[in-house]
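Visitor: Structure incoming, see below.
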Amino acid sequence: MNDDDALACLAALSHPTRLTAFRLLVRAEPDGLSTGALVEATALGQSTFSTHLAVLVAAGLVQPEKQGRQIIQRADIARLRALMLFLAKDCCGGSAELCEPLIAQLACC
C-alpha cells in the first residue's frame with residue numbers, strides 16, 4: 001500500500017455511513033451482506049446508500065459479488081490488513097515494546 005491508496009481508504013471511511021457499512025461488512029465476513037441488508041441497516045434510501053457504497057468499492061475496501069438476483073457485498077480483509085500495516089509500519093520508532101499492546105488487542109480479533 002502506498003500513500004495514495006491509504007488516503008483513498010481513509011477518505012472513504014471518513015463518513016459515518018460508510019464507516020458503519022464497512023464495520024457491518026467486516027463483522028459479516030466471510031459471508032458478506034446483501035446490498036438490501038446494508039440499505040436497511042443504515043436506514044437510507046437505495047440511491048443514497050449506493051453512492052456511499054460506490055466510494056467504498058472505488059477505494060478497494062468492498063468487493064461486490066453477484067449471486068443470482070442479489071449483489072453480496074464483502075469487506076476486502078486483505079485491503080484492511082494492508083491499511084492497518086501501512087499505518088502501524090513505523091510504529092513507535094522501532095520500539096517494538098510500545099506496539100505490543102496494539103498487537104495484543106488485534107490478536108483477539
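Chain labels run A, B, ... following the order of the C-alpha cells; each chain numbers its residues from 1, and ligands are numbered from 1 in the order shown.
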I'd like the contact shell of stretch 63-70 of chain A - 8 Å cut-off, only C-alpha atoms, skipping same-chain residues fewer than 4 positions apart - returned as a PyMOL selection string.

Guide: chain A and resi 34-35+57+74-76

Visitor: Among chain A, which ones does DSSP assign to helix (DSSP H, G or I) (computed from the backbone)? Answer as a PyMOL selection string.

Guide: chain A and resi 3-13+16-27+35-42+46-58+77-88+91-94+96-107

Visitor: In terms of the shortest atom-to-atom distance over only C-alpha atoms, which of A:Cys92, A:Thr17, A:Glu97, A:Ile103 is closest to A:Leu56?

Guide: A:Thr17

Visitor: Tell me, in Å to one decimal, how far atom CA of A:Gly36 is from atom CA of A:Ser14.

Guide: 22.3 Å

Visitor: To one decimal place in Å, what is the distance between atom CA of A:Cys91 and atom CA of A:Asp3?

Guide: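 According to the coordinates, atom CA of A:Cys91 and atom CA of A:Asp3 are separated by 16.0 Å.
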
Visitor: From the options A:Cys99, A:Leu83, A:Ile72, A:Val55, which residue's atoms come nearest to A:Ala12, counting only C-alpha atoms?

Guide: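 Selected residue with least distance to A:Ala12: A:Val55.
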
Visitor: Residues near A:Val26, anyone? I mean within 12 Å using only C-alpha atoms, not counting same-chain ones fewer than 6 positions away, as a PyMOL selection string.

Guide: chain A and resi 19-20+32-33+61-63+73-81+109

Visitor: Include all heavy atoms and write out the residues we just selected as a tab-separated table (two decimals), in the first residue's frame.

Guide:
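File out_16.tsv, as written:
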```tsv
chain	number	residue	atom	x	y	z
A	19	LEU	N	-18.39	4.32	7.19
A	19	LEU	CA	-17.71	3.63	8.28
A	19	LEU	C	-18.62	2.57	8.90
A	19	LEU	O	-18.21	1.43	9.12
A	19	LEU	CB	-17.24	4.62	9.35
A	19	LEU	CG	-16.49	4.03	10.54
A	19	LEU	CD1	-15.23	3.30	10.09
A	19	LEU	CD2	-16.15	5.12	11.53
A	20	THR	N	-19.88	2.93	9.13
A	20	THR	CA	-20.84	1.97	9.68
A	20	THR	C	-21.02	0.78	8.75
A	20	THR	O	-21.00	-0.38	9.18
A	20	THR	CB	-22.20	2.66	9.93
A	20	THR	OG1	-22.02	3.67	10.91
A	20	THR	CG2	-23.26	1.68	10.38
A	32	GLY	N	-20.50	-11.97	3.98
A	32	GLY	CA	-20.90	-10.69	3.41
A	32	GLY	C	-22.37	-10.42	3.67
A	32	GLY	O	-23.06	-11.18	4.35
A	33	LEU	N	-22.86	-9.32	3.14
A	33	LEU	CA	-24.26	-8.91	3.28
A	33	LEU	C	-24.79	-8.46	1.93
A	33	LEU	O	-24.05	-7.90	1.13
A	33	LEU	CB	-24.39	-7.75	4.27
A	33	LEU	CG	-24.07	-8.04	5.74
A	33	LEU	CD1	-24.02	-6.73	6.53
A	33	LEU	CD2	-25.10	-8.98	6.33
A	61	LEU	N	-12.10	-1.20	-0.63
A	61	LEU	CA	-12.44	-1.74	0.69
A	61	LEU	C	-13.59	-2.73	0.64
A	61	LEU	O	-13.74	-3.56	1.54
A	61	LEU	CB	-12.78	-0.61	1.65
A	61	LEU	CG	-11.61	0.29	2.03
A	61	LEU	CD1	-12.11	1.55	2.72
A	61	LEU	CD2	-10.64	-0.47	2.93
A	62	VAL	N	-14.41	-2.65	-0.40
A	62	VAL	CA	-15.58	-3.52	-0.54
A	62	VAL	C	-15.55	-4.15	-1.93
A	62	VAL	O	-15.25	-3.46	-2.92
A	62	VAL	CB	-16.89	-2.73	-0.32
A	62	VAL	CG1	-18.11	-3.58	-0.64
A	62	VAL	CG2	-16.96	-2.22	1.11
A	63	GLN	N	-15.87	-5.44	-1.96
A	63	GLN	CA	-15.92	-6.17	-3.22
A	63	GLN	C	-17.33	-6.71	-3.42
A	63	GLN	O	-17.79	-7.53	-2.62
A	63	GLN	CB	-14.92	-7.34	-3.21
A	63	GLN	CG	-13.48	-6.92	-3.02
A	63	GLN	CD	-12.98	-6.09	-4.18
A	63	GLN	OE1	-13.28	-6.36	-5.33
A	63	GLN	NE2	-12.20	-5.06	-3.86
A	73	GLN	N	-22.16	-7.89	-0.82
A	73	GLN	CA	-21.02	-7.01	-0.58
A	73	GLN	C	-20.13	-7.65	0.48
A	73	GLN	O	-20.63	-8.15	1.48
A	73	GLN	CB	-21.51	-5.63	-0.09
A	73	GLN	CG	-22.54	-4.98	-0.99
A	73	GLN	CD	-22.01	-4.61	-2.36
A	73	GLN	OE1	-20.82	-4.42	-2.56
A	73	GLN	NE2	-22.92	-4.49	-3.32
A	74	ARG	N	-18.84	-7.63	0.23
A	74	ARG	CA	-17.89	-8.20	1.19
A	74	ARG	C	-16.77	-7.20	1.46
A	74	ARG	O	-16.29	-6.53	0.54
A	74	ARG	CB	-17.26	-9.48	0.63
A	74	ARG	CG	-18.23	-10.63	0.57
A	74	ARG	CD	-17.50	-11.94	0.34
A	74	ARG	NE	-18.40	-13.04	0.48
A	74	ARG	CZ	-19.23	-13.46	-0.48
A	74	ARG	NH1	-19.23	-12.86	-1.65
A	74	ARG	NH2	-20.05	-14.46	-0.27
A	75	ALA	N	-16.39	-7.15	2.71
A	75	ALA	CA	-15.23	-6.33	3.07
A	75	ALA	C	-13.98	-7.01	2.52
A	75	ALA	O	-13.85	-8.23	2.61
A	75	ALA	CB	-15.13	-6.20	4.59
A	76	ASP	N	-13.10	-6.23	1.95
A	76	ASP	CA	-11.82	-6.78	1.47
A	76	ASP	C	-10.86	-6.77	2.65
A	76	ASP	O	-10.22	-5.75	2.95
A	76	ASP	CB	-11.29	-5.94	0.31
A	76	ASP	CG	-10.08	-6.57	-0.34
A	76	ASP	OD1	-9.30	-7.25	0.36
A	76	ASP	OD2	-9.91	-6.38	-1.55
A	77	ILE	N	-10.78	-7.90	3.32
A	77	ILE	CA	-9.98	-8.01	4.54
A	77	ILE	C	-8.49	-7.83	4.23
A	77	ILE	O	-7.76	-7.26	5.04
A	77	ILE	CB	-10.25	-9.35	5.25
A	77	ILE	CG1	-11.74	-9.44	5.64
A	77	ILE	CG2	-9.35	-9.53	6.46
A	77	ILE	CD1	-12.21	-8.36	6.59
A	78	ALA	N	-8.06	-8.27	3.07
A	78	ALA	CA	-6.65	-8.08	2.70
A	78	ALA	C	-6.33	-6.59	2.58
A	78	ALA	O	-5.25	-6.14	2.99
A	78	ALA	CB	-6.34	-8.80	1.39
A	79	ARG	N	-7.26	-5.83	2.03
A	79	ARG	CA	-7.06	-4.38	1.90
A	79	ARG	C	-7.05	-3.72	3.28
A	79	ARG	O	-6.25	-2.83	3.54
A	79	ARG	CB	-8.18	-3.80	1.03
A	79	ARG	CG	-8.07	-2.33	0.76
A	79	ARG	CD	-7.17	-2.06	-0.39
A	79	ARG	NE	-7.39	-0.72	-0.91
A	79	ARG	CZ	-6.58	-0.11	-1.72
A	79	ARG	NH1	-5.50	-0.73	-2.15
A	79	ARG	NH2	-6.82	1.11	-2.12
A	80	LEU	N	-7.96	-4.15	4.16
A	80	LEU	CA	-7.99	-3.64	5.53
A	80	LEU	C	-6.67	-3.94	6.23
A	80	LEU	O	-6.09	-3.08	6.89
A	80	LEU	CB	-9.16	-4.24	6.30
A	80	LEU	CG	-9.23	-3.91	7.79
A	80	LEU	CD1	-9.34	-2.42	8.04
A	80	LEU	CD2	-10.40	-4.67	8.42
A	81	ARG	N	-6.18	-5.16	6.07
A	81	ARG	CA	-4.91	-5.56	6.68
A	81	ARG	C	-3.77	-4.69	6.16
A	81	ARG	O	-2.93	-4.21	6.91
A	81	ARG	CB	-4.63	-7.03	6.41
A	81	ARG	CG	-3.38	-7.55	7.09
A	81	ARG	CD	-3.11	-9.03	6.78
A	81	ARG	NE	-4.27	-9.87	6.98
A	81	ARG	CZ	-4.91	-10.53	5.98
A	81	ARG	NH1	-4.49	-10.43	4.74
A	81	ARG	NH2	-5.96	-11.27	6.25
A	109	CYS	N	-8.89	-10.59	17.68
A	109	CYS	CA	-9.85	-10.50	16.57
A	109	CYS	C	-9.76	-11.74	15.73
A	109	CYS	O	-10.41	-11.97	14.82
A	109	CYS	CB	-9.56	-9.26	15.73
A	109	CYS	SG	-9.76	-7.72	16.64
```

Visitor: Between atom CA of A:Phe86 and atom CA of A:Leu102, what is the distance in Å, rounded to a tenth?

Guide: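 Between these atoms lies a distance of 14.1 Å.
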
Visitor: Find the spatial neighbours of A:Asp4, counting only C-alpha atoms, within a cut-off of 12 Å - ignore same-chain residues fewer than 4 positions away - and output them as a PyMOL selection string.

Guide: chain A and resi 8-11+59+83+86

Visitor: Check chain A with DSSP on the backbone and list each residue it calls strand (DSSP E), as a list in words.

Guide: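 DSSP on the backbone gives strand (DSSP E) at Leu33, Ser34, Val62, Gln63, Pro64, Glu65, Lys66, Gln67, Gln70, Ile71, Ile72, Gln73, Arg74 and Ala75 of chain A.
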
Visitor: Pull all heavy atoms from the residues just selected and write them as a short mmCIF file (atom, residue, chain, number, x, y, z; two decimals), in the first residue's frame.

Guide:
```
data_model
loop_
_atom_site.label_atom_id
_atom_site.label_comp_id
_atom_site.auth_asym_id
_atom_site.auth_seq_id
_atom_site.Cartn_x
_atom_site.Cartn_y
_atom_site.Cartn_z
N LEU A 33 -22.86 -9.32 3.14
CA LEU A 33 -24.26 -8.91 3.28
C LEU A 33 -24.79 -8.46 1.93
O LEU A 33 -24.05 -7.90 1.13
CB LEU A 33 -24.39 -7.75 4.27
CG LEU A 33 -24.07 -8.04 5.74
CD1 LEU A 33 -24.02 -6.73 6.53
CD2 LEU A 33 -25.10 -8.98 6.33
N SER A 34 -26.06 -8.67 1.74
CA SER A 34 -26.67 -8.17 0.50
C SER A 34 -26.74 -6.64 0.58
O SER A 34 -26.77 -6.06 1.66
CB SER A 34 -28.08 -8.74 0.33
OG SER A 34 -28.95 -8.20 1.31
N VAL A 62 -14.41 -2.65 -0.40
CA VAL A 62 -15.58 -3.52 -0.54
C VAL A 62 -15.55 -4.15 -1.93
O VAL A 62 -15.25 -3.46 -2.92
CB VAL A 62 -16.89 -2.73 -0.32
CG1 VAL A 62 -18.11 -3.58 -0.64
CG2 VAL A 62 -16.96 -2.22 1.11
N GLN A 63 -15.87 -5.44 -1.96
CA GLN A 63 -15.92 -6.17 -3.22
C GLN A 63 -17.33 -6.71 -3.42
O GLN A 63 -17.79 -7.53 -2.62
CB GLN A 63 -14.92 -7.34 -3.21
CG GLN A 63 -13.48 -6.92 -3.02
CD GLN A 63 -12.98 -6.09 -4.18
OE1 GLN A 63 -13.28 -6.36 -5.33
NE2 GLN A 63 -12.20 -5.06 -3.86
N PRO A 64 -18.04 -6.26 -4.45
CA PRO A 64 -19.38 -6.80 -4.72
C PRO A 64 -19.29 -8.10 -5.51
O PRO A 64 -18.37 -8.30 -6.32
CB PRO A 64 -20.03 -5.71 -5.57
CG PRO A 64 -18.90 -4.99 -6.22
CD PRO A 64 -17.71 -5.14 -5.32
N GLU A 65 -20.24 -8.99 -5.24
CA GLU A 65 -20.29 -10.27 -5.97
C GLU A 65 -21.75 -10.58 -6.27
O GLU A 65 -22.57 -10.66 -5.36
CB GLU A 65 -19.69 -11.39 -5.13
CG GLU A 65 -19.73 -12.74 -5.79
CD GLU A 65 -19.22 -13.84 -4.88
OE1 GLU A 65 -18.21 -13.62 -4.19
OE2 GLU A 65 -19.84 -14.90 -4.85
N LYS A 66 -22.06 -10.75 -7.53
CA LYS A 66 -23.44 -11.06 -7.93
C LYS A 66 -23.73 -12.52 -7.63
O LYS A 66 -22.98 -13.41 -8.00
CB LYS A 66 -23.64 -10.77 -9.41
CG LYS A 66 -25.09 -10.88 -9.85
CD LYS A 66 -25.29 -10.10 -11.12
CE LYS A 66 -26.69 -10.24 -11.65
NZ LYS A 66 -27.72 -9.70 -10.82
N GLN A 67 -24.82 -12.74 -6.90
CA GLN A 67 -25.28 -14.10 -6.60
C GLN A 67 -26.76 -14.16 -6.94
O GLN A 67 -27.61 -13.69 -6.17
CB GLN A 67 -25.07 -14.45 -5.14
CG GLN A 67 -23.63 -14.66 -4.76
CD GLN A 67 -23.49 -15.14 -3.33
OE1 GLN A 67 -24.44 -15.20 -2.56
NE2 GLN A 67 -22.27 -15.47 -2.96
N GLN A 70 -29.24 -11.12 -6.32
CA GLN A 70 -28.68 -10.23 -5.30
C GLN A 70 -27.22 -9.92 -5.58
O GLN A 70 -26.52 -10.68 -6.23
CB GLN A 70 -28.76 -10.87 -3.91
CG GLN A 70 -30.15 -10.99 -3.36
CD GLN A 70 -30.10 -11.45 -1.92
OE1 GLN A 70 -29.17 -12.10 -1.48
NE2 GLN A 70 -31.13 -11.11 -1.17
N ILE A 71 -26.79 -8.80 -5.02
CA ILE A 71 -25.37 -8.48 -5.02
C ILE A 71 -24.93 -8.53 -3.56
O ILE A 71 -25.47 -7.83 -2.71
CB ILE A 71 -25.08 -7.10 -5.64
CG1 ILE A 71 -25.51 -7.10 -7.10
CG2 ILE A 71 -23.59 -6.77 -5.51
CD1 ILE A 71 -25.32 -5.79 -7.81
N ILE A 72 -23.98 -9.41 -3.31
CA ILE A 72 -23.44 -9.57 -1.96
C ILE A 72 -22.20 -8.69 -1.86
O ILE A 72 -21.31 -8.75 -2.72
CB ILE A 72 -23.08 -11.05 -1.66
CG1 ILE A 72 -24.32 -11.93 -1.84
CG2 ILE A 72 -22.47 -11.18 -0.28
CD1 ILE A 72 -25.47 -11.59 -0.91
N GLN A 73 -22.16 -7.89 -0.82
CA GLN A 73 -21.02 -7.01 -0.58
C GLN A 73 -20.13 -7.65 0.48
O GLN A 73 -20.63 -8.15 1.48
CB GLN A 73 -21.51 -5.63 -0.09
CG GLN A 73 -22.54 -4.98 -0.99
CD GLN A 73 -22.01 -4.61 -2.36
OE1 GLN A 73 -20.82 -4.42 -2.56
NE2 GLN A 73 -22.92 -4.49 -3.32
N ARG A 74 -18.84 -7.63 0.23
CA ARG A 74 -17.89 -8.20 1.19
C ARG A 74 -16.77 -7.20 1.46
O ARG A 74 -16.29 -6.53 0.54
CB ARG A 74 -17.26 -9.48 0.63
CG ARG A 74 -18.23 -10.63 0.57
CD ARG A 74 -17.50 -11.94 0.34
NE ARG A 74 -18.40 -13.04 0.48
CZ ARG A 74 -19.23 -13.46 -0.48
NH1 ARG A 74 -19.23 -12.86 -1.65
NH2 ARG A 74 -20.05 -14.46 -0.27
N ALA A 75 -16.39 -7.15 2.71
CA ALA A 75 -15.23 -6.33 3.07
C ALA A 75 -13.98 -7.01 2.52
O ALA A 75 -13.85 -8.23 2.61
CB ALA A 75 -15.13 -6.20 4.59
#
```
